[in-house]
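> One file: target_10.pdb (PDB, C-alpha atoms, pLDDT in the B column).
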ATOM      1  CA  MET A   1       8.551  39.396  62.359  1.00 41.00           C
ATOM      2  CA  ALA A   2      10.973  36.540  62.979  1.00 44.00           C
ATOM      3  CA  ILE A   3      12.490  36.444  66.437  1.00 48.00           C
ATOM      4  CA  ARG A   4      16.214  35.860  66.455  1.00 49.00           C
ATOM      5  CA  THR A   5      17.207  33.078  68.832  1.00 52.00           C
ATOM      6  CA  ASP A   6      20.923  32.650  68.117  1.00 66.00           C
ATOM      7  CA  ALA A   7      23.535  34.377  70.241  1.00 73.00           C
ATOM      8  CA  PRO A   8      24.937  37.684  68.993  1.00 77.00           C
ATOM      9  CA  THR A   9      28.260  37.487  67.203  1.00 89.00           C
ATOM     10  CA  ARG A  10      31.373  38.995  68.744  1.00 87.00           C
ATOM     11  CA  ARG A  11      31.110  41.828  66.220  1.00 90.00           C
ATOM     12  CA  GLU A  12      27.510  42.519  67.285  1.00 91.00           C
ATOM     13  CA  GLN A  13      28.550  42.460  70.948  1.00 92.00           C
ATOM     14  CA  ILE A  14      31.273  45.004  70.244  1.00 94.00           C
ATOM     15  CA  LEU A  15      28.863  47.274  68.390  1.00 94.00           C
ATOM     16  CA  LYS A  16      26.271  47.080  71.160  1.00 94.00           C
ATOM     17  CA  GLU A  17      28.787  48.008  73.835  1.00 94.00           C
ATOM     18  CA  ALA A  18      30.352  50.705  71.659  1.00 94.00           C
ATOM     19  CA  ALA A  19      26.915  52.263  71.125  1.00 95.00           C
ATOM     20  CA  ARG A  20      26.190  52.210  74.855  1.00 94.00           C
ATOM     21  CA  LEU A  21      29.555  53.697  75.796  1.00 95.00           C
ATOM     22  CA  PHE A  22      29.532  56.330  73.025  1.00 95.00           C
ATOM     23  CA  ALA A  23      26.015  57.372  74.057  1.00 93.00           C
ATOM     24  CA  GLU A  24      26.981  57.614  77.730  1.00 93.00           C
ATOM     25  CA  ARG A  25      30.326  59.391  77.399  1.00 94.00           C
ATOM     26  CA  GLY A  26      30.585  60.652  73.840  1.00 93.00           C
ATOM     27  CA  PHE A  27      32.647  59.313  70.967  1.00 93.00           C
ATOM     28  CA  HIS A  28      35.865  60.990  72.094  1.00 93.00           C
ATOM     29  CA  GLY A  29      35.276  60.058  75.735  1.00 94.00           C
ATOM     30  CA  VAL A  30      35.672  56.325  75.071  1.00 94.00           C
ATOM     31  CA  GLY A  31      38.821  54.432  74.137  1.00 91.00           C
ATOM     32  CA  VAL A  32      39.140  51.116  72.339  1.00 90.00           C
ATOM     33  CA  ASP A  33      40.477  49.547  75.548  1.00 90.00           C
ATOM     34  CA  GLU A  34      37.209  50.355  77.325  1.00 92.00           C
ATOM     35  CA  ILE A  35      35.124  48.916  74.517  1.00 93.00           C
ATOM     36  CA  GLY A  36      37.279  45.809  74.514  1.00 91.00           C
ATOM     37  CA  ALA A  37      36.983  45.431  78.288  1.00 91.00           C
ATOM     38  CA  ALA A  38      33.187  45.676  78.017  1.00 92.00           C
ATOM     39  CA  VAL A  39      33.137  42.588  75.773  1.00 91.00           C
ATOM     40  CA  GLY A  40      35.999  40.730  77.424  1.00 91.00           C
ATOM     41  CA  ILE A  41      38.773  41.225  74.883  1.00 90.00           C
ATOM     42  CA  SER A  42      41.825  43.462  74.753  1.00 83.00           C
ATOM     43  CA  GLY A  43      41.527  46.832  73.060  1.00 75.00           C
ATOM     44  CA  PRO A  44      43.946  45.790  70.313  1.00 79.00           C
ATOM     45  CA  GLY A  45      41.824  42.665  69.813  1.00 83.00           C
ATOM     46  CA  LEU A  46      39.083  44.938  68.504  1.00 86.00           C
ATOM     47  CA  TYR A  47      41.186  45.611  65.436  1.00 88.00           C
ATOM     48  CA  ARG A  48      40.484  42.057  64.267  1.00 90.00           C
ATOM     49  CA  HIS A  49      36.860  43.166  63.885  1.00 91.00           C
ATOM     50  CA  PHE A  50      37.048  46.902  63.089  1.00 91.00           C
ATOM     51  CA  ALA A  51      39.659  49.272  61.682  1.00 91.00           C
ATOM     52  CA  GLY A  52      39.003  51.594  64.623  1.00 88.00           C
ATOM     53  CA  LYS A  53      36.387  53.628  66.464  1.00 92.00           C
ATOM     54  CA  ASP A  54      35.463  55.550  63.307  1.00 94.00           C
ATOM     55  CA  ALA A  55      34.559  52.276  61.582  1.00 94.00           C
ATOM     56  CA  MET A  56      32.406  51.255  64.558  1.00 95.00           C
ATOM     57  CA  LEU A  57      30.565  54.565  64.524  1.00 96.00           C
ATOM     58  CA  ALA A  58      29.965  54.317  60.779  1.00 96.00           C
ATOM     59  CA  GLU A  59      28.659  50.767  61.039  1.00 96.00           C
ATOM     60  CA  LEU A  60      26.352  51.732  63.897  1.00 96.00           C
ATOM     61  CA  LEU A  61      24.809  54.764  62.198  1.00 96.00           C
ATOM     62  CA  VAL A  62      24.694  53.471  58.634  1.00 97.00           C
ATOM     63  CA  GLY A  63      23.544  50.108  59.969  1.00 96.00           C
ATOM     64  CA  ILE A  64      20.546  51.392  61.926  1.00 96.00           C
ATOM     65  CA  SER A  65      19.394  53.571  59.027  1.00 97.00           C
ATOM     66  CA  GLY A  66      19.609  50.553  56.728  1.00 97.00           C
ATOM     67  CA  ARG A  67      17.784  48.285  59.187  1.00 96.00           C
ATOM     68  CA  LEU A  68      14.933  50.770  59.607  1.00 97.00           C
ATOM     69  CA  LEU A  69      14.510  51.070  55.839  1.00 98.00           C
ATOM     70  CA  THR A  70      14.725  47.299  55.291  1.00 97.00           C
ATOM     71  CA  GLY A  71      12.226  46.693  58.090  1.00 97.00           C
ATOM     72  CA  ALA A  72       9.779  49.220  56.648  1.00 97.00           C
ATOM     73  CA  LYS A  73      10.053  47.687  53.170  1.00 97.00           C
ATOM     74  CA  ARG A  74       9.450  44.238  54.647  1.00 96.00           C
ATOM     75  CA  ARG A  75       6.378  45.478  56.503  1.00 96.00           C
ATOM     76  CA  LEU A  76       5.012  46.957  53.278  1.00 94.00           C
ATOM     77  CA  GLN A  77       5.598  43.692  51.399  1.00 94.00           C
ATOM     78  CA  GLU A  78       3.940  41.659  54.141  1.00 94.00           C
ATOM     79  CA  SER A  79       0.936  43.981  54.214  1.00 89.00           C
ATOM     80  CA  ASP A  80      -0.435  43.003  50.816  1.00 85.00           C
ATOM     81  CA  GLY A  81      -4.195  43.455  51.074  1.00 86.00           C
ATOM     82  CA  THR A  82      -4.026  45.175  54.471  1.00 90.00           C
ATOM     83  CA  PRO A  83      -5.909  48.492  54.685  1.00 94.00           C
ATOM     84  CA  ALA A  84      -3.611  51.518  54.637  1.00 94.00           C
ATOM     85  CA  GLY A  85      -4.391  52.298  58.290  1.00 95.00           C
ATOM     86  CA  GLY A  86      -3.106  48.874  59.289  1.00 96.00           C
ATOM     87  CA  VAL A  87       0.054  49.409  57.259  1.00 97.00           C
ATOM     88  CA  LEU A  88       0.621  52.743  59.000  1.00 98.00           C
ATOM     89  CA  ASP A  89       0.120  51.037  62.362  1.00 97.00           C
ATOM     90  CA  SER A  90       2.712  48.430  61.379  1.00 97.00           C
ATOM     91  CA  LEU A  91       5.253  51.121  60.440  1.00 98.00           C
ATOM     92  CA  ILE A  92       4.637  52.900  63.739  1.00 98.00           C
ATOM     93  CA  GLU A  93       5.064  49.645  65.677  1.00 97.00           C
ATOM     94  CA  GLY A  94       8.354  48.928  63.927  1.00 97.00           C
ATOM     95  CA  HIS A  95       9.728  52.359  64.725  1.00 98.00           C
ATOM     96  CA  ILE A  96       8.548  52.106  68.333  1.00 97.00           C
ATOM     97  CA  ASP A  97      10.417  48.800  68.665  1.00 96.00           C
ATOM     98  CA  PHE A  98      13.562  50.588  67.486  1.00 96.00           C
ATOM     99  CA  ALA A  99      12.957  53.590  69.748  1.00 95.00           C
ATOM    100  CA  LEU A 100      12.538  51.410  72.835  1.00 93.00           C
ATOM    101  CA  ASP A 101      15.223  48.817  72.060  1.00 92.00           C
ATOM    102  CA  ASP A 102      17.972  51.008  70.582  1.00 92.00           C
ATOM    103  CA  ARG A 103      17.895  54.140  72.693  1.00 92.00           C
ATOM    104  CA  PRO A 104      21.715  54.503  72.682  1.00 93.00           C
ATOM    105  CA  LEU A 105      21.681  54.620  68.868  1.00 94.00           C
ATOM    106  CA  ILE A 106      19.238  57.528  68.915  1.00 95.00           C
ATOM    107  CA  THR A 107      21.525  59.440  71.273  1.00 93.00           C
ATOM    108  CA  LEU A 108      24.532  58.500  69.171  1.00 94.00           C
ATOM    109  CA  HIS A 109      22.875  59.714  65.983  1.00 94.00           C
ATOM    110  CA  ASP A 110      21.920  63.036  67.573  1.00 93.00           C
ATOM    111  CA  ARG A 111      25.402  63.690  68.951  1.00 93.00           C
ATOM    112  CA  GLU A 112      27.856  62.039  66.612  1.00 94.00           C
ATOM    113  CA  LEU A 113      26.470  62.002  63.054  1.00 94.00           C
ATOM    114  CA  ASP A 114      28.754  64.888  62.082  1.00 94.00           C
ATOM    115  CA  ARG A 115      31.801  62.789  63.015  1.00 92.00           C
ATOM    116  CA  LEU A 116      31.181  60.378  60.139  1.00 94.00           C
ATOM    117  CA  ARG A 117      33.148  60.638  56.915  1.00 94.00           C
ATOM    118  CA  ASP A 118      31.228  62.586  54.282  1.00 96.00           C
ATOM    119  CA  SER A 119      30.468  59.437  52.272  1.00 96.00           C
ATOM    120  CA  ASP A 120      29.041  57.630  55.316  1.00 96.00           C
ATOM    121  CA  ARG A 121      27.038  60.659  56.421  1.00 96.00           C
ATOM    122  CA  LYS A 122      25.586  61.011  52.902  1.00 97.00           C
ATOM    123  CA  LEU A 123      24.646  57.335  52.920  1.00 97.00           C
ATOM    124  CA  VAL A 124      22.875  57.724  56.281  1.00 97.00           C
ATOM    125  CA  ARG A 125      20.922  60.711  54.927  1.00 97.00           C
ATOM    126  CA  GLN A 126      20.048  58.850  51.718  1.00 98.00           C
ATOM    127  CA  LEU A 127      18.710  55.853  53.658  1.00 98.00           C
ATOM    128  CA  GLN A 128      16.770  58.146  55.980  1.00 97.00           C
ATOM    129  CA  ARG A 129      15.164  60.007  53.049  1.00 98.00           C
ATOM    130  CA  GLN A 130      14.020  56.707  51.541  1.00 98.00           C
ATOM    131  CA  TYR A 131      12.594  55.665  54.910  1.00 98.00           C
ATOM    132  CA  VAL A 132      10.683  58.941  55.237  1.00 98.00           C
ATOM    133  CA  GLU A 133       9.271  58.628  51.723  1.00 98.00           C
ATOM    134  CA  LEU A 134       7.851  55.171  52.478  1.00 97.00           C
ATOM    135  CA  TRP A 135       6.006  56.657  55.431  1.00 98.00           C
ATOM    136  CA  VAL A 136       4.809  59.638  53.392  1.00 98.00           C
ATOM    137  CA  GLN A 137       3.361  57.306  50.758  1.00 97.00           C
ATOM    138  CA  VAL A 138       1.448  55.284  53.352  1.00 97.00           C
ATOM    139  CA  LEU A 139       0.306  58.359  55.282  1.00 98.00           C
ATOM    140  CA  ARG A 140      -1.149  59.871  52.095  1.00 97.00           C
ATOM    141  CA  GLU A 141      -3.044  56.641  51.453  1.00 96.00           C
ATOM    142  CA  VAL A 142      -4.582  56.891  54.926  1.00 97.00           C
ATOM    143  CA  TYR A 143      -5.248  60.647  54.599  1.00 97.00           C
ATOM    144  CA  PRO A 144      -5.596  61.374  50.846  1.00 96.00           C
ATOM    145  CA  ALA A 145      -6.323  65.071  51.429  1.00 95.00           C
ATOM    146  CA  ILE A 146      -2.995  65.756  53.112  1.00 96.00           C
ATOM    147  CA  ALA A 147      -0.521  67.517  50.836  1.00 96.00           C
ATOM    148  CA  GLU A 148       2.857  65.905  50.319  1.00 96.00           C
ATOM    149  CA  PRO A 149       4.866  68.632  52.142  1.00 96.00           C
ATOM    150  CA  ALA A 150       2.474  68.459  55.104  1.00 96.00           C
ATOM    151  CA  ALA A 151       2.729  64.659  55.147  1.00 97.00           C
ATOM    152  CA  ARG A 152       6.517  64.824  55.114  1.00 97.00           C
ATOM    153  CA  SER A 153       6.499  67.369  57.944  1.00 97.00           C
ATOM    154  CA  ALA A 154       4.120  65.172  59.944  1.00 97.00           C
ATOM    155  CA  VAL A 155       6.362  62.122  59.467  1.00 98.00           C
ATOM    156  CA  HIS A 156       9.419  64.049  60.671  1.00 97.00           C
ATOM    157  CA  SER A 157       7.434  65.331  63.659  1.00 97.00           C
ATOM    158  CA  VAL A 158       6.322  61.816  64.616  1.00 98.00           C
ATOM    159  CA  PHE A 159       9.913  60.590  64.312  1.00 97.00           C
ATOM    160  CA  GLY A 160      10.884  63.365  66.737  1.00 96.00           C
ATOM    161  CA  LEU A 161       8.211  62.149  69.141  1.00 95.00           C
ATOM    162  CA  LEU A 162       9.143  58.480  68.872  1.00 96.00           C
ATOM    163  CA  ASN A 163      12.876  59.183  69.007  1.00 95.00           C
ATOM    164  CA  SER A 164      12.463  61.078  72.276  1.00 93.00           C
ATOM    165  CA  THR A 165      12.744  57.816  74.229  1.00 89.00           C
ATOM    166  CA  PRO A 166      16.315  58.508  75.442  1.00 87.00           C
ATOM    167  CA  HIS A 167      14.857  61.491  77.315  1.00 83.00           C
ATOM    168  CA  LEU A 168      12.146  59.507  79.087  1.00 77.00           C
ATOM    169  CA  GLY A 169      14.420  58.434  81.923  1.00 70.00           C
ATOM    170  CA  ARG A 170      16.319  55.270  82.655  1.00 65.00           C
ATOM    171  CA  PRO A 171      14.892  52.130  81.020  1.00 58.00           C
ATOM    172  CA  GLY A 172      13.775  50.762  84.413  1.00 64.00           C
ATOM    173  CA  SER A 173      11.995  54.006  85.303  1.00 65.00           C
ATOM    174  CA  LEU A 174       9.537  53.811  82.406  1.00 66.00           C
ATOM    175  CA  PRO A 175       6.141  52.168  82.742  1.00 73.00           C
ATOM    176  CA  GLY A 176       6.083  48.671  81.272  1.00 82.00           C
ATOM    177  CA  ARG A 177       7.192  48.290  77.684  1.00 84.00           C
ATOM    178  CA  GLY A 178       3.673  47.503  76.481  1.00 90.00           C
ATOM    179  CA  THR A 179       2.213  50.565  78.183  1.00 91.00           C
ATOM    180  CA  THR A 180       4.926  52.839  76.804  1.00 90.00           C
ATOM    181  CA  ALA A 181       4.554  51.382  73.306  1.00 94.00           C
ATOM    182  CA  GLN A 182       0.768  51.848  73.368  1.00 95.00           C
ATOM    183  CA  LEU A 183       1.107  55.445  74.533  1.00 94.00           C
ATOM    184  CA  LEU A 184       3.663  56.257  71.823  1.00 95.00           C
ATOM    185  CA  HIS A 185       1.453  54.597  69.221  1.00 97.00           C
ATOM    186  CA  ARG A 186      -1.625  56.584  70.233  1.00 97.00           C
ATOM    187  CA  MET A 187       0.376  59.806  70.230  1.00 97.00           C
ATOM    188  CA  ALA A 188       1.787  59.084  66.763  1.00 97.00           C
ATOM    189  CA  ARG A 189      -1.642  58.318  65.309  1.00 97.00           C
ATOM    190  CA  GLY A 190      -3.036  61.431  67.003  1.00 96.00           C
ATOM    191  CA  ALA A 191      -0.288  63.583  65.507  1.00 96.00           C
ATOM    192  CA  PHE A 192      -0.973  62.219  62.025  1.00 97.00           C
ATOM    193  CA  ALA A 193      -4.726  62.808  62.416  1.00 96.00           C
ATOM    194  CA  ALA A 194      -4.079  66.371  63.601  1.00 95.00           C
ATOM    195  CA  ALA A 195      -1.785  67.052  60.629  1.00 94.00           C
ATOM    196  CA  ALA A 196      -4.477  65.840  58.251  1.00 91.00           C
ATOM    197  CA  ALA A 197      -7.312  67.809  59.897  1.00 88.00           C
TER     198      ALA A 197
END
Show me this structure written as structure tokens.


Amino acid sequence: MAIRTDAPTRREQILKEAARLFAERGFHGVGVDEIGAAVGISGPGLYRHFAGKDAMLAELLVGISGRLLTGAKRRLQESDGTPAGGVLDSLIEGHIDFALDDRPLITLHDRELDRLRDSDRKLVRQLQRQYVELWVQVLREVYPAIAEPAARSAVHSVFGLLNSTPHLGRPGSLPGRGTTAQLLHRMARGAFAAAAA
């Protein structure tokens, strides 16, 4: 995976702070002035970048669903010739990176998805279904005996496990990132093995 070295754009800064504030205080508990202050611009200055808070929320939730799907597709393309178990490990690693790096987005999704316009919410669900189906395909290659409904249920269960990171305490209170990632990875692989048993 390529590491990005350029500075985030103003738009990306706004989205990051909006996600953090929305996750901490709820969508309705945060005003545009507060988001602006967090990135060093006036609240009205945000309207040069976004039509309003609703547009920020939509971009955050549609955006993360799209990035997860794109990342999974890229991992599958890059895995040509890799055994299915290695591909599954790569998918797990990618989702763990998201779960550890984007904890506010997980909280935001859990609390605020219903606030999206119907079209945006449907797009989020469509992207998520495609993401799940990629995992199901790989999981069934690793465990050919697992039925498709059981594989889908196992994938959703592992997502629940990995997406529990916002409940693990403050970022500084967790063991080191590597230790946490390894633990989550082992638990995910164990859950898949148990589902296939």

> Tell me which protein, DNA and RNA residues are within 10 Å of Leu69 (chain A), counting only C-alpha atoms, leaving out same-chain ones fewer than 5 positions away, and put them as number ranges by chain.

A: 63-64, 74-75, 127-132, 134

> Expressed in Å to a single decimal, how great is the separation between CA of Val124 (chain A) and CA of Glu112 (chain A)?

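According to the coordinates, CA of Val124 (chain A) and CA of Glu112 (chain A) are separated by 12.3 Å.
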
> Rank nothing, just name the residue among A:Gln137, A:Met56, A:Ala188, A:Ala7 nearest to Arg115 (chain A), using all atoms listed in the file.

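When distances to Arg115 (chain A) are compared using all atoms listed in the file, the smallest one comes from A:Met56.
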
> Leaving out Ala195 (chain A) and any residue of its chain fewer than 5 positions from it, which residues lie within 10 Å of it when counting all atoms listed in the file, given as a PyMOL selection string?

chain A and resi 143+146-147+150-151+153-155+157+189-190

> Using all atoms listed in the file, what does the table of region 63-172 of chain A residues within 10 Å of region 179-182 of chain A look like, with each row giving the shortest atom pair and its distance in Å to one decimal, sorted by chain and ascending number, as JSON lines?


{"residue": "A:Ile92", "atom": "CA", "partner": "A:Ala181", "partner_atom": "CA", "distance": 9.7}
{"residue": "A:Glu93", "atom": "CA", "partner": "A:Ala181", "partner_atom": "CA", "distance": 7.8}
{"residue": "A:Ile96", "atom": "CA", "partner": "A:Ala181", "partner_atom": "CA", "distance": 6.4}
{"residue": "A:Asp97", "atom": "CA", "partner": "A:Ala181", "partner_atom": "CA", "distance": 7.9}
{"residue": "A:Ala99", "atom": "CA", "partner": "A:Ala181", "partner_atom": "CA", "distance": 9.4}
{"residue": "A:Leu100", "atom": "CA", "partner": "A:Ala181", "partner_atom": "CA", "distance": 8.0}
{"residue": "A:Leu162", "atom": "CA", "partner": "A:Ala181", "partner_atom": "CA", "distance": 9.5}
{"residue": "A:Thr165", "atom": "CA", "partner": "A:Thr180", "partner_atom": "CA", "distance": 9.6}

> Can you rebuild region 99-115 of chain A with N, CA and C atoms and give it as a compact mmCIF listing (two decimals), in the frame of the given file?


# COMPACT_ATOMS: atom_id res chain seq x y z
N ALA A 99 12.80 52.50 68.79
CA ALA A 99 12.96 53.59 69.75
C ALA A 99 13.08 53.09 71.18
N LEU A 100 12.45 51.96 71.48
CA LEU A 100 12.54 51.41 72.83
C LEU A 100 13.75 50.49 73.01
N ASP A 101 14.14 49.80 71.95
CA ASP A 101 15.22 48.82 72.06
C ASP A 101 16.61 49.40 71.80
N ASP A 102 16.68 50.47 71.02
CA ASP A 102 17.97 51.01 70.58
C ASP A 102 18.16 52.46 70.99
N ARG A 103 17.80 52.77 72.21
CA ARG A 103 17.90 54.14 72.69
C ARG A 103 19.31 54.71 72.57
N PRO A 104 20.37 53.92 72.85
CA PRO A 104 21.72 54.50 72.68
C PRO A 104 22.00 54.94 71.24
N LEU A 105 21.44 54.24 70.26
CA LEU A 105 21.68 54.62 68.87
C LEU A 105 21.02 55.95 68.52
N ILE A 106 19.89 56.24 69.14
CA ILE A 106 19.24 57.53 68.92
C ILE A 106 20.13 58.64 69.46
N THR A 107 20.63 58.45 70.67
CA THR A 107 21.52 59.44 71.27
C THR A 107 22.78 59.60 70.42
N LEU A 108 23.32 58.49 69.99
CA LEU A 108 24.53 58.50 69.17
C LEU A 108 24.30 59.26 67.87
N HIS A 109 23.19 59.01 67.23
CA HIS A 109 22.88 59.71 65.98
C HIS A 109 22.78 61.22 66.23
N ASP A 110 22.09 61.61 67.28
CA ASP A 110 21.92 63.04 67.57
C ASP A 110 23.25 63.73 67.84
N ARG A 111 24.15 63.05 68.53
CA ARG A 111 25.40 63.69 68.95
C ARG A 111 26.57 63.53 67.99
N GLU A 112 26.62 62.40 67.30
CA GLU A 112 27.86 62.04 66.61
C GLU A 112 27.76 61.91 65.09
N LEU A 113 26.60 62.16 64.50
CA LEU A 113 26.47 62.00 63.05
C LEU A 113 27.51 62.82 62.29
N ASP A 114 27.79 64.02 62.78
CA ASP A 114 28.75 64.89 62.08
C ASP A 114 30.18 64.35 62.12
N ARG A 115 30.45 63.36 62.95
CA ARG A 115 31.80 62.79 63.02
C ARG A 115 32.07 61.77 61.90
